[in-house]
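S.K.: This is the structure I want to talk about, given as structure tokens.
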Amino acid sequence: MTDLSQKETTQGISPGGVSILVCVSCRAKDNADDRPGLVFSDLLRKRLAERQLAIPVEEIECFAVCKRPITIAFAARNKWTYLLGDLDAKQHIDELIDAAFNYGASDNGLVPWKDRPECFKKGVISRTPPLSSS
């Protein structure tokens, strides 16, 4: 799944400058000591390495969406940012990696509905426009 917007790096393929931000503050509903975002972040990094993909994963202290863990964002310079919640670490990792490629391949970060996996379609919390350069 490569296209012209992706570039080879020393670690693998990187799609269009996208980063995946993962909230690590939320606690599991049934266990206050469990932080599912931390587990998700670790699993995501491992899966990216297995697929030889160079998508940065950044842990964020709080997106203030505590009722919808696991919460992530797709972000890139000069692109809209998507905030997604209600994710499942075991079911959604590969779908989200594929969605990150679609996001990175877009000119402005707006991913067509047909190109979004189900967890992306159902999980959108917000879509934030890029800051203007002026």
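Each chain in the structure tokens gets a letter, A, B and so on, in the order shown; residues start at 1 in every chain, and ligands are counted from 1 in the order they appear.
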So that I can see what lies close to region 33-40 of chain A, please list as a list in words the residues with an atom at most 7 Å from it, counting only C-alpha atoms and leaving out residues fewer than 5 positions away in the same chain.
M.R.: Val22, Cys23, Val24, Ser25, Cys26, Arg27, Ala28, Ile70 and Ala89 of chain A
S.K.: Which of region 7-54 of chain A end up as helix (DSSP H, G or I) when DSSP is run on this backbone - answer as a ChimeraX atom specification?
M.R.: /A:36-50
S.K.: Excluding region 90-104 of chain A and any residue of its chain fewer than 6 positions from it, enumerate the residues within 8 Å of it, using only C-alpha atoms, and give them as a list in words.
M.R.: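 Neighbouring residues, sequence-local ones excluded: Ser5, Gln6, Pro15, Gly16, Gly17, Val18, Ile20, Leu43, Leu44, Arg47, Leu48, Phe74, Ala76, Leu110, Val111, Asp115, Arg116, Pro117, Cys119 and Phe120 of chain A.
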S.K.: Please report, as a ChimeraX atom specification, each residue of chain A to which DSSP assigns strand (DSSP E) when run on this structure's backbone.
M.R.: /A:6-8,13-15,19-23,57-60,72-75,81-84,124-128
S.K.: Restricting the calculation to only C-alpha atoms, which member of A:Phe63, A:Glu118, A:Ser106, A:Leu21 is positioned closest to Ala75 (chain A)?
M.R.: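 Using only C-alpha atoms, Ala75 (chain A) sits closest to A:Leu21.
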S.K.: Pick out the closest residue to Pro69 (chain A) from this set: A:Gly109, A:Gly123, A:Pro130, A:Pro56. Count only C-alpha atoms.
M.R.: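 Among the listed residues, A:Gly123 lies closest to Pro69 (chain A).
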S.K.: For the atom pair CA of Asp42 (chain A) and CA of Ser19 (chain A), what is the interatomic distance in Å to one decimal place?
M.R.: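 Here the two named atoms are 14.9 Å from each other.
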S.K.: Expressed in Å to a single decimal, how great is the separation between CA of Thr128 (chain A) and CA of Trp80 (chain A)?
M.R.: 5.4 Å
S.K.: With only C-alpha atoms as the basis for distance, which of A:Ser41, A:Ser126, A:Gln52, A:Ser132 is at the shortest distance from Leu84 (chain A)?
M.R.: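 Smallest distance to Leu84 (chain A) is found for A:Ser126.
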S.K.: Could you list, as a PyMOL selection string, every residue within 8 Å of Arg127 (chain A), counting only C-alpha atoms and ignoring same-chain residues fewer than 2 positions away?
M.R.: chain A and resi 80-83+124-125+129
S.K.: So that I have them on file, write out the residues from the current selection with N, CA, C and O atoms, as a JSON list (two decimals), in the first residue's frame.
M.R.:
```json
[["chain", "number", "residue", "atom", "x", "y", "z"],
["A", 80, "TRP", "N", -6.06, 18.89, 8.51],
["A", 80, "TRP", "CA", -7.05, 18.76, 9.55],
["A", 80, "TRP", "C", -6.60, 17.66, 10.51],
["A", 80, "TRP", "O", -5.95, 16.72, 10.09],
["A", 81, "THR", "N", -6.96, 17.79, 11.77],
["A", 81, "THR", "CA", -6.65, 16.77, 12.78],
["A", 81, "THR", "C", -7.93, 16.05, 13.15],
["A", 81, "THR", "O", -8.96, 16.68, 13.38],
["A", 82, "TYR", "N", -7.88, 14.72, 13.17],
["A", 82, "TYR", "CA", -9.03, 13.91, 13.61],
["A", 82, "TYR", "C", -8.76, 13.37, 15.01],
["A", 82, "TYR", "O", -7.67, 12.86, 15.28],
["A", 83, "LEU", "N", -9.76, 13.45, 15.87],
["A", 83, "LEU", "CA", -9.72, 12.85, 17.19],
["A", 83, "LEU", "C", -10.72, 11.70, 17.18],
["A", 83, "LEU", "O", -11.89, 11.89, 16.84],
["A", 124, "VAL", "N", -15.18, 9.06, 15.36],
["A", 124, "VAL", "CA", -14.79, 10.48, 15.27],
["A", 124, "VAL", "C", -15.44, 11.28, 16.39],
["A", 124, "VAL", "O", -16.67, 11.28, 16.56],
["A", 125, "ILE", "N", -14.60, 11.96, 17.15],
["A", 125, "ILE", "CA", -15.05, 12.86, 18.21],
["A", 125, "ILE", "C", -15.02, 14.28, 17.69],
["A", 125, "ILE", "O", -15.93, 15.07, 17.92],
["A", 129, "PRO", "N", -9.59, 22.06, 12.12],
["A", 129, "PRO", "CA", -8.86, 22.57, 10.96],
["A", 129, "PRO", "C", -7.42, 22.92, 11.31],
["A", 129, "PRO", "O", -7.10, 23.17, 12.47]]
```
S.K.: Between A:Leu87, A:Leu131, A:Ala32, A:Ile72, which is the closest to Asn108 (chain A) once you count only C-alpha atoms?
M.R.: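 Nearest to Asn108 (chain A): A:Leu131.
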